[in-house]
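K.L.:
start_38.txt (compact mmCIF, C-alpha atoms and all ligand atoms) pasted underneath:
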# COMPACT_ATOMS: atom_id res chain seq x y z
CA MET A 1 143.34 130.84 193.44
CA ASN A 2 143.24 133.99 195.59
CA GLN A 3 144.62 133.34 199.03
CA PHE A 4 142.49 134.51 201.93
CA LYS A 5 144.00 137.73 203.30
CA GLY A 6 142.61 137.72 206.85
CA SER A 7 142.91 135.58 209.97
CA ILE A 8 141.13 132.34 210.71
CA ALA A 9 140.47 131.04 214.23
CA ILE A 10 139.62 127.39 214.76
CA LEU A 11 138.19 127.06 218.27
CA GLY A 12 138.38 123.41 219.31
CA SER A 13 141.25 121.89 217.38
CA GLY A 14 140.49 118.19 217.58
CA ASN A 15 139.89 115.75 214.74
CA ILE A 16 137.86 117.93 212.39
CA GLY A 17 139.45 121.26 213.39
CA ILE A 18 142.96 120.02 212.64
CA SER A 19 141.82 118.30 209.44
CA LEU A 20 140.35 121.61 208.27
CA ALA A 21 143.49 123.58 209.18
CA LYS A 22 145.75 121.15 207.33
CA GLY A 23 143.45 121.08 204.33
CA LEU A 24 143.30 124.88 204.02
CA VAL A 25 147.09 125.11 204.08
CA LYS A 26 147.51 122.23 201.62
CA ALA A 27 145.04 123.97 199.28
CA ASN A 28 146.98 127.24 199.67
CA TYR A 29 143.84 129.04 200.88
CA ALA A 30 145.84 130.34 203.85
CA GLN A 31 149.30 130.15 205.39
CA PRO A 32 149.75 128.47 208.79
CA ARG A 33 150.55 131.85 210.40
CA GLN A 34 147.06 133.08 209.40
CA ILE A 35 145.38 130.23 211.28
CA SER A 36 145.02 130.22 215.07
CA LEU A 37 144.19 126.90 216.70
CA THR A 38 142.75 126.64 220.22
CA ARG A 39 142.10 123.87 222.66
CA ARG A 40 142.35 123.66 226.45
CA ASN A 41 145.29 121.27 226.39
CA ILE A 42 147.60 122.98 223.91
CA SER A 43 150.49 120.55 224.47
CA ASN A 44 148.58 118.34 222.00
CA LEU A 45 149.07 121.03 219.33
CA SER A 46 152.86 121.33 219.61
CA SER A 47 153.55 119.67 216.24
CA LEU A 48 151.17 122.16 214.59
CA ALA A 49 152.93 125.05 216.34
CA ASP A 50 156.17 123.70 214.86
CA GLN A 51 154.53 123.90 211.41
CA GLY A 52 153.82 127.63 211.93
CA PHE A 53 150.21 127.59 213.12
CA VAL A 54 149.39 129.97 215.98
CA VAL A 55 148.41 127.90 219.01
CA SER A 56 146.52 129.20 222.04
CA ALA A 57 144.24 128.22 224.92
CA ASP A 58 142.73 131.73 225.07
CA ASN A 59 139.59 131.62 222.92
CA ALA A 60 138.54 135.21 223.63
CA ALA A 61 141.92 136.68 222.65
CA VAL A 62 142.06 134.61 219.46
CA VAL A 63 138.53 135.70 218.48
CA ALA A 64 139.44 139.36 218.96
CA GLY A 65 142.18 139.04 216.31
CA ALA A 66 140.27 136.89 213.81
CA ASP A 67 138.02 137.50 210.80
CA ILE A 68 136.62 133.99 210.24
CA ILE A 69 135.92 131.95 213.39
CA VAL A 70 135.29 128.22 213.13
CA LEU A 71 133.45 126.61 216.06
CA ALA A 72 134.71 123.02 216.16
CA VAL A 73 134.12 121.80 219.71
CA LEU A 74 131.70 119.00 220.57
CA PRO A 75 128.03 120.06 220.83
CA GLN A 76 128.10 119.52 224.60
CA GLN A 77 131.18 121.80 224.89
CA LEU A 78 129.75 124.64 222.80
CA ASN A 79 127.75 126.68 225.33
CA HIS A 80 130.74 127.10 227.61
CA LEU A 81 132.88 128.20 224.66
CA LEU A 82 130.25 130.73 223.49
CA ASP A 83 130.09 132.19 227.01
CA GLN A 84 133.88 132.63 226.94
CA ILE A 85 134.03 134.46 223.61
CA ARG A 86 130.86 136.60 223.80
CA PRO A 87 132.68 139.73 225.09
CA SER A 88 135.15 139.59 222.15
CA VAL A 89 132.56 139.27 219.38
CA ASP A 90 132.27 142.09 216.83
CA PRO A 91 129.33 141.38 214.49
CA ALA A 92 130.62 143.94 211.95
CA LYS A 93 133.90 142.07 211.56
CA HIS A 94 133.38 138.42 212.44
CA VAL A 95 131.94 135.58 210.38
CA PHE A 96 131.21 132.43 212.37
CA ILE A 97 131.31 128.98 210.83
CA SER A 98 129.91 126.24 213.05
CA VAL A 99 130.66 122.60 212.27
CA ALA A 100 129.00 121.44 215.52
CA SER A 101 126.38 118.78 214.84
CA GLY A 102 122.81 119.52 215.83
CA VAL A 103 123.40 123.20 216.65
CA SER A 104 121.39 125.68 214.58
CA CYS A 105 122.53 129.13 213.41
CA ALA A 106 119.82 130.55 215.67
CA ASP A 107 121.18 128.65 218.69
CA ILE A 108 124.50 130.45 218.16
CA SER A 109 123.11 133.91 217.47
CA ASN A 110 120.85 133.55 220.52
CA LYS A 111 124.03 133.18 222.57
CA LEU A 112 126.30 135.67 220.76
CA GLY A 113 123.82 138.34 219.67
CA GLU A 114 121.24 138.69 216.93
CA GLN A 115 123.59 140.65 214.64
CA VAL A 116 126.15 137.85 214.49
CA GLN A 117 126.65 136.22 211.08
CA VAL A 118 126.64 132.43 211.29
CA VAL A 119 127.13 129.82 208.57
CA ARG A 120 126.77 126.15 209.43
CA ALA A 121 129.11 123.80 207.61
CA MET A 122 129.25 120.02 207.69
CA PRO A 123 132.52 118.71 206.26
CA ASN A 124 134.08 115.28 206.67
CA THR A 125 137.62 114.26 207.59
CA ALA A 126 138.68 113.97 203.92
CA ILE A 127 138.93 117.75 204.17
CA ALA A 128 142.55 117.18 205.24
CA ILE A 129 143.35 116.02 201.68
CA GLY A 130 141.00 118.31 199.76
CA GLN A 131 138.32 115.62 199.26
CA SER A 132 135.57 116.67 201.67
CA MET A 133 131.88 116.66 200.86
CA THR A 134 130.82 119.79 202.72
CA CYS A 135 127.24 121.00 203.09
CA VAL A 136 126.65 124.64 204.08
CA ALA A 137 123.56 126.48 205.29
CA THR A 138 122.74 129.81 206.88
CA ASP A 139 119.79 131.73 208.24
CA SER A 140 121.47 135.09 208.58
CA ALA A 141 124.84 135.57 206.90
CA SER A 142 125.26 138.06 204.05
CA LYS A 143 125.63 136.90 200.45
CA GLU A 144 129.30 137.99 200.42
CA ASN A 145 130.10 136.08 203.60
CA VAL A 146 128.34 132.93 202.41
CA GLU A 147 130.24 133.18 199.12
CA GLU A 148 133.56 133.45 200.99
CA VAL A 149 132.69 130.43 203.16
CA ILE A 150 131.73 128.42 200.08
CA ARG A 151 134.98 129.51 198.37
CA MET A 152 136.91 128.39 201.42
CA PHE A 153 135.34 124.92 201.52
CA GLU A 154 135.57 124.52 197.73
CA THR A 155 139.35 124.67 198.07
CA VAL A 156 139.15 121.50 200.19
CA GLY A 157 136.50 119.46 198.37
CA SER A 158 132.97 119.72 196.98
CA VAL A 159 130.32 122.01 198.44
CA VAL A 160 126.53 121.83 198.34
CA LYS A 161 124.44 124.68 199.77
CA ILE A 162 121.35 123.25 201.49
CA ASN A 163 118.44 124.42 203.60
CA GLU A 164 119.32 124.42 207.27
CA ASP A 165 116.58 121.94 208.13
CA LEU A 166 118.53 119.28 206.19
CA MET A 167 121.76 119.79 208.15
CA THR A 168 121.37 116.77 210.43
CA SER A 169 120.64 114.64 207.36
CA ALA A 170 123.83 115.98 205.74
CA THR A 171 125.70 115.11 208.92
CA ALA A 172 124.60 111.48 208.71
CA LEU A 173 125.11 111.05 204.96
CA CYS A 174 128.44 112.86 204.55
CA ALA A 175 130.21 113.48 207.86
CA CYS A 176 129.33 110.12 209.44
CA GLY A 177 129.16 108.61 205.97
CA ILE A 178 132.90 108.57 205.46
CA ALA A 179 133.17 106.16 208.40
CA PHE A 180 130.52 103.91 206.86
CA PHE A 181 132.46 103.63 203.59
CA LEU A 182 135.72 103.09 205.47
CA ARG A 183 134.14 100.21 207.40
CA ALA A 184 132.85 98.75 204.12
CA ILE A 185 136.39 98.84 202.71
CA ARG A 186 137.74 97.20 205.86
CA ALA A 187 135.10 94.47 205.66
CA ALA A 188 135.93 93.83 201.99
CA SER A 189 139.60 93.46 202.87
CA GLN A 190 138.72 90.96 205.60
CA GLY A 191 136.81 88.96 202.99
CA GLY A 192 139.93 89.16 200.82
CA VAL A 193 142.03 87.64 203.58
CA GLU A 194 139.58 84.72 203.94
CA ILE A 195 139.98 83.91 200.25
CA GLY A 196 143.76 83.99 200.17
CA PHE A 197 145.39 87.43 200.34
CA HIS A 198 147.65 88.82 203.01
CA ALA A 199 146.01 91.63 204.99
CA ASP A 200 148.12 94.43 203.50
CA GLU A 201 147.54 93.40 199.89
CA ALA A 202 143.84 92.72 200.54
CA LEU A 203 143.43 96.22 201.97
CA LYS A 204 145.30 97.83 199.07
CA MET A 205 143.10 95.96 196.57
CA ALA A 206 139.89 96.87 198.42
CA VAL A 207 140.88 100.56 198.67
CA GLN A 208 141.69 100.91 194.96
CA THR A 209 138.51 99.03 194.03
CA ALA A 210 136.43 101.42 196.15
CA LYS A 211 138.23 104.42 194.66
CA GLY A 212 137.54 103.10 191.15
CA ALA A 213 133.84 102.69 191.97
CA ALA A 214 133.56 106.27 193.27
CA ASP A 215 135.55 107.70 190.35
CA LEU A 216 133.40 105.80 187.83
CA LEU A 217 130.30 107.53 189.21
CA LEU A 218 131.98 110.94 189.40
CA GLN A 219 133.57 110.83 185.96
CA MET A 220 130.83 109.00 184.01
CA GLN A 221 128.01 110.80 185.86
CA SER A 222 126.22 107.46 185.82
CA HIS A 223 123.93 105.72 188.33
CA PRO A 224 125.40 102.96 190.56
CA GLU A 225 122.99 100.36 189.16
CA GLN A 226 124.08 101.16 185.59
CA GLU A 227 127.67 100.39 186.58
CA ILE A 228 126.63 97.30 188.59
CA ASP A 229 124.77 95.94 185.54
CA LYS A 230 128.07 96.03 183.62
CA VAL A 231 129.75 93.86 186.28
CA THR A 232 127.06 91.23 186.84
CA SER A 233 127.48 88.63 184.09
CA PRO A 234 124.46 86.28 183.69
CA LYS A 235 124.72 83.28 186.02
CA GLY A 236 127.98 84.85 187.15
CA CYS A 237 129.85 85.19 190.41
CA THR A 238 129.13 88.92 191.02
CA ILE A 239 125.36 88.60 191.11
CA ALA A 240 125.72 85.55 193.36
CA GLY A 241 127.81 87.51 195.87
CA LEU A 242 125.70 90.67 195.60
CA ASN A 243 122.40 88.85 196.12
CA GLU A 244 123.87 86.98 199.10
CA MET A 245 124.83 90.38 200.61
CA GLU A 246 121.34 91.75 199.98
CA HIS A 247 119.72 88.64 201.56
CA ASN A 248 121.81 89.54 204.61
CA GLY A 249 120.59 93.12 204.65
CA PHE A 250 123.48 95.02 203.00
CA SER A 251 121.49 97.98 201.57
CA SER A 252 118.97 97.83 204.39
CA SER A 253 121.63 98.07 207.10
CA LEU A 254 123.26 101.10 205.44
CA ILE A 255 119.89 102.83 205.14
CA LYS A 256 118.96 102.04 208.74
CA GLY A 257 122.36 103.20 210.02
CA ILE A 258 122.13 106.51 208.15
CA LYS A 259 118.61 107.10 209.50
CA LEU A 260 119.74 106.41 213.08
CA SER A 261 122.79 108.68 212.70
CA ALA A 262 120.53 111.48 211.47
CA ILE A 263 118.25 111.12 214.50
CA LYS A 264 121.24 111.07 216.83
CA ALA A 265 122.85 114.08 215.07
CA GLY A 266 119.74 116.11 215.77
CA ALA A 267 119.82 115.28 219.48
CA LEU A 268 123.47 115.98 220.37
CA TYR A 269 123.03 119.56 221.59
CA THR A 270 121.32 120.78 224.72
CA LYS A 271 120.43 124.45 224.41
CA GLU A 272 120.93 125.35 228.08
N1 LIG A 301 135.02 114.34 213.51
C1 LIG A 301 134.32 114.54 212.37
O1 LIG A 301 134.49 113.85 211.36
C2 LIG A 301 133.32 115.66 212.30
C3 LIG A 301 132.95 116.37 213.42
N2 LIG A 301 132.04 117.39 213.32
C4 LIG A 301 131.70 118.18 214.50
O2 LIG A 301 132.88 118.85 214.88
C5 LIG A 301 132.92 119.02 216.28
C6 LIG A 301 134.21 118.44 216.82
O3 LIG A 301 134.25 117.07 216.59
P1 LIG A 301 135.61 116.26 216.69
O4 LIG A 301 136.69 117.04 216.01
O5 LIG A 301 135.32 114.90 216.25
O6 LIG A 301 135.84 116.27 218.27
P2 LIG A 301 137.20 116.30 219.09
O7 LIG A 301 136.86 115.89 220.47
O8 LIG A 301 138.27 115.57 218.35
O9 LIG A 301 137.59 117.85 219.06
C7 LIG A 301 137.04 118.81 219.92
C8 LIG A 301 138.18 119.63 220.45
O10 LIG A 301 137.68 120.73 221.17
C9 LIG A 301 138.61 121.01 222.20
N3 LIG A 301 137.89 121.81 223.20
C10 LIG A 301 136.93 121.43 224.05
N4 LIG A 301 136.50 122.48 224.77
C11 LIG A 301 137.21 123.55 224.36
C12 LIG A 301 137.23 124.93 224.71
N5 LIG A 301 136.44 125.43 225.67
N6 LIG A 301 138.08 125.74 224.05
C13 LIG A 301 138.89 125.26 223.07
N7 LIG A 301 138.92 123.96 222.70
C14 LIG A 301 138.08 123.13 223.35
C15 LIG A 301 139.11 119.66 222.69
O11 LIG A 301 140.43 119.71 223.18
P3 LIG A 301 140.75 119.99 224.74
O12 LIG A 301 140.06 118.90 225.51
O13 LIG A 301 142.25 119.96 224.82
O14 LIG A 301 140.17 121.33 225.00
C16 LIG A 301 139.10 118.85 221.38
O15 LIG A 301 140.39 118.82 220.79
C17 LIG A 301 131.68 118.34 216.84
O16 LIG A 301 130.69 119.30 217.11
C18 LIG A 301 131.24 117.40 215.72
O17 LIG A 301 129.86 117.23 215.72
C19 LIG A 301 131.52 117.78 212.12
C20 LIG A 301 131.86 117.12 210.99
C21 LIG A 301 132.75 115.98 210.98
O1 LIG A 302 130.20 111.31 215.30
C1 LIG A 302 129.94 112.51 215.45
O2 LIG A 302 129.12 112.87 216.31
C2 LIG A 302 130.62 113.54 214.58
C3 LIG A 302 129.64 114.35 213.79
C4 LIG A 302 129.77 113.89 212.38
C5 LIG A 302 130.97 113.09 212.38
N1 LIG A 302 131.44 112.94 213.58
Render the structure in this file as structure tokens.
P.N.:
Amino acid sequence: MNQFKGSIAILGSGNIGISLAKGLVKANYAQPRQISLTRRNISNLSSLADQGFVVSADNAAVVAGADIIVLAVLPQQLNHLLDQIRPSVDPAKHVFISVASGVSCADISNKLGEQVQVVRAMPNTAIAIGQSMTCVATDSASKENVEEVIRMFETVGSVVKINEDLMTSATALCACGIAFFLRAIRAASQGGVEIGFHADEALKMAVQTAKGAADLLLQMQSHPEQEIDKVTSPKGCTIAGLNEMEHNGFSSSLIKGIKLSAIKAGALYTKE
């Protein structure tokens, strides 16, 4: 794998920004010294500074020295950040990647200038361990820049290029989605405790069972119902438990939650 030769700035190094930085280093896409991390309260980044990352509170200065700039603040924090960096932006040099939910490429180029190249990306926190599902979309970036962004995110998981109008849906299904599956694993472990296991062993069993389910689908390229049919013996205990869950709205609640998250994801940003 060819290492990236330039500099990466991650503006807004909170949960997803730090996960991305760690993932890129773990994947050997870049060295810590090539990655600048900003936030207002940089004392919270001291352990990352110790690991060799460049740490700063000066967004404009960091942008001036960067090639790829990742916008990773909350949607409601973005306009202020864009105002800060506008004077440092060089459209001929910079590629912007925005992970901010509900903010379009056009929203960003309206603030930074029409020539600016923007790619939206929607990863999830498994990016820290190279297991993200990342969706990317653009309305303006060149083919070469999009290819580099896709190459970058492919080092830390799977990538699907989508139309920008599906970005809030991708946010709900993949970025929020990891929390939904984590809660499902937690709930399974709580069931395990009720039927006799200690919490730590119940959690370990639930985690490996979930991993096996996901790997079955990935490796066999099969449909979930095909795999479920292999588990549900006639008159057996699996179909009894599964139907009880469905009577209580298991699939329906996941579907409704994902739909609500998608609506909310589309309403997180105020343009002015
Ligand atoms: N968390 C997730 O799983 C995912 C999040 N996203 C998106 O990523 C973005 C960040 O989310 P998340 O990481 O959860 O949020 P966090 O609150 O954890 O991170 C945001 C960070 O931005 C920093 N910040 C705020 N204002 C500025 C500024 N002006 N300059 C520099 N840093 C600033 C904050 O630190 P300080 O207060 O010290 O400045 C904070 O650390 C959001 O837009 C979200 O929609 C996308 C995909 C997944
Ligand atoms: O909850 C949120 O708003 C962010 C966006 C996707 C994941 N976390």
K.L.:
So which one's closest to ligand LIG 301 (chain A), A:Asn41, A:Gln31, A:Asn110, A:Ser7? Using only C-alpha atoms and all ligand atoms, please.
P.N.:
A:Asn41
K.L.:
Might you pull out every residue within 9 Å of segment 154-171 of chain A, with only C-alpha atoms counted and same-chain residues fewer than 3 positions away left off, and present them as a PyMOL selection string?
P.N.:
chain A and resi 1+20+23-24+26-29+101-102+104-105+120-124+126-139+149-151+174-177+258-259+261-266
K.L.:
Within 9 Å of ligand LIG 301 (chain A), counting all atoms listed in the file: which residues, as a PyMOL selection string?
P.N.:
chain A and resi 10-19+37-45+56-59+71-82+84+98-103+121-126+134+171+174-176+178-179+265+268-269
K.L.:
Box in all listed atoms of ligand LIG 302 (chain A), axis-aligned, with 3 Å more on each side; write out centre and edge lengths in Å to one decimal as AutoDock Vina command-line options.
P.N.:
--center_x 130.3 --center_y 112.8 --center_z 214.3 --size_x 8.3 --size_y 9.0 --size_z 9.9
K.L.:
Nearest to ligand LIG 302 (chain A): which of A:Gly249, A:Lys235, A:Leu173, A:Leu182 is it, counting all atoms listed in the file?
P.N.:
A:Leu173
K.L.:
Counting only C-alpha atoms and all ligand atoms, figure out which residue out of A:Phe180, A:Ile108, A:Val231, A:Gly192 gets nearest to ligand LIG 302 (chain A).
P.N.:
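Smallest distance to ligand LIG 302 (chain A) is found for A:Phe180.
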K.L.:
Would you work out the distance separating atom C4 of ligand LIG 302 (chain A) from atom CA of Phe181 of chain A, expressed in Å to one decimal?
P.N.:
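These atoms are spaced 13.8 Å apart.
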K.L.:
Using only C-alpha atoms and all ligand atoms, which residue out of A:Met245, A:Leu260, A:Lys22, A:Glu272 lies closest to ligand LIG 302 (chain A)?
P.N.:
A:Leu260
K.L.:
What separation in Å, quoted to one decimal, exists between atom O2 of ligand LIG 302 (chain A) and atom CA of Ala9 of chain A?
P.N.:
21.5 Å
K.L.:
Fewer than 5 positions away in the same chain doesn't count, so skip those; otherwise give me all residues within 8 Å of Val54 of chain A, counting all atoms listed in the file, as a count of residues only.
P.N.:
7
K.L.:
Measuring atom to atom with all atoms listed in the file, identify which of A:Lys111, A:Asn145, A:Lys230, A:Ala172 is nearest to ligand LIG 302 (chain A).
P.N.:
A:Ala172
K.L.:
If you measure from atom CA of Leu112 of chain A to atom CA of Ser88 of chain A, what distance in Å do you get, rounded to one decimal?
P.N.:
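Taking atom CA of Leu112 of chain A as the start and atom CA of Ser88 of chain A as the end point, the length is 9.8 Å.
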K.L.:
With distances taken over only C-alpha atoms and all ligand atoms, which residue among A:Val95, A:Lys5, A:Ala267, A:Leu242 lies nearest ligand LIG 302 (chain A)?
P.N.:
A:Ala267
K.L.:
If we count all atoms listed in the file, what is near segment 198-215 of chain A at a cut-off of 12 Å, once residues fewer than 5 positions away on the same chain are taken out, given as a list in words?
P.N.:
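Counting only the stated atoms, we get Phe181, Leu182, Arg183, Ala184, Ile185, Arg186, Ala187, Ala188, Ser189, Gln190, Gly191, Gly192, Val193, Met220, Gln221, Ser222, His223, Pro224, Glu225, Gln226, Glu227, Ile228 and Val231 of chain A.
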K.L.:
Supply segment 122-140 of chain A as a compact mmCIF listing (two decimals), in the frame of the given file, with N, CA and C atoms built in where the input has gaps.
P.N.:
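Full text of out.txt as output:
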# COMPACT_ATOMS: atom_id res chain seq x y z
N MET A 122 129.08 121.42 207.28
CA MET A 122 129.25 120.02 207.69
C MET A 122 130.22 119.33 206.74
N PRO A 123 131.51 119.38 207.09
CA PRO A 123 132.52 118.71 206.26
C PRO A 123 132.72 117.27 206.74
N ASN A 124 133.62 116.55 206.09
CA ASN A 124 134.08 115.28 206.67
C ASN A 124 135.60 115.27 206.70
N THR A 125 136.18 114.24 207.30
CA THR A 125 137.62 114.26 207.59
C THR A 125 138.48 114.24 206.32
N ALA A 126 137.91 113.91 205.17
CA ALA A 126 138.68 113.97 203.92
C ALA A 126 139.03 115.41 203.56
N ILE A 127 138.56 116.34 204.37
CA ILE A 127 138.93 117.75 204.17
C ILE A 127 140.45 117.93 204.30
N ALA A 128 141.10 117.07 205.06
CA ALA A 128 142.55 117.18 205.24
C ALA A 128 143.30 116.99 203.92
N ILE A 129 142.69 116.27 202.97
CA ILE A 129 143.35 116.02 201.68
C ILE A 129 142.57 116.63 200.51
N GLY A 130 141.72 117.61 200.83
CA GLY A 130 141.00 118.31 199.76
C GLY A 130 139.88 117.50 199.12
N GLN A 131 139.35 116.50 199.84
CA GLN A 131 138.32 115.62 199.26
C GLN A 131 137.05 115.59 200.11
N SER A 132 136.77 116.66 200.84
CA SER A 132 135.57 116.67 201.67
C SER A 132 134.30 116.79 200.83
N MET A 133 133.20 116.27 201.34
CA MET A 133 131.88 116.66 200.86
C MET A 133 131.32 117.54 201.96
N THR A 134 131.24 118.84 201.69
CA THR A 134 130.82 119.79 202.72
C THR A 134 129.47 120.39 202.36
N CYS A 135 128.52 120.34 203.29
CA CYS A 135 127.24 121.00 203.09
C CYS A 135 127.24 122.28 203.91
N VAL A 136 126.72 123.38 203.35
CA VAL A 136 126.65 124.64 204.08
C VAL A 136 125.22 125.17 204.08
N ALA A 137 124.90 125.88 205.16
CA ALA A 137 123.56 126.48 205.29
C ALA A 137 123.67 127.70 206.19
N THR A 138 122.76 128.64 206.00
CA THR A 138 122.74 129.81 206.88
C THR A 138 121.32 130.32 207.03
N ASP A 139 121.08 131.06 208.12
CA ASP A 139 119.79 131.73 208.24
C ASP A 139 119.98 133.24 208.29
N SER A 140 121.25 133.68 208.28
CA SER A 140 121.47 135.09 208.58
C SER A 140 122.64 135.74 207.86
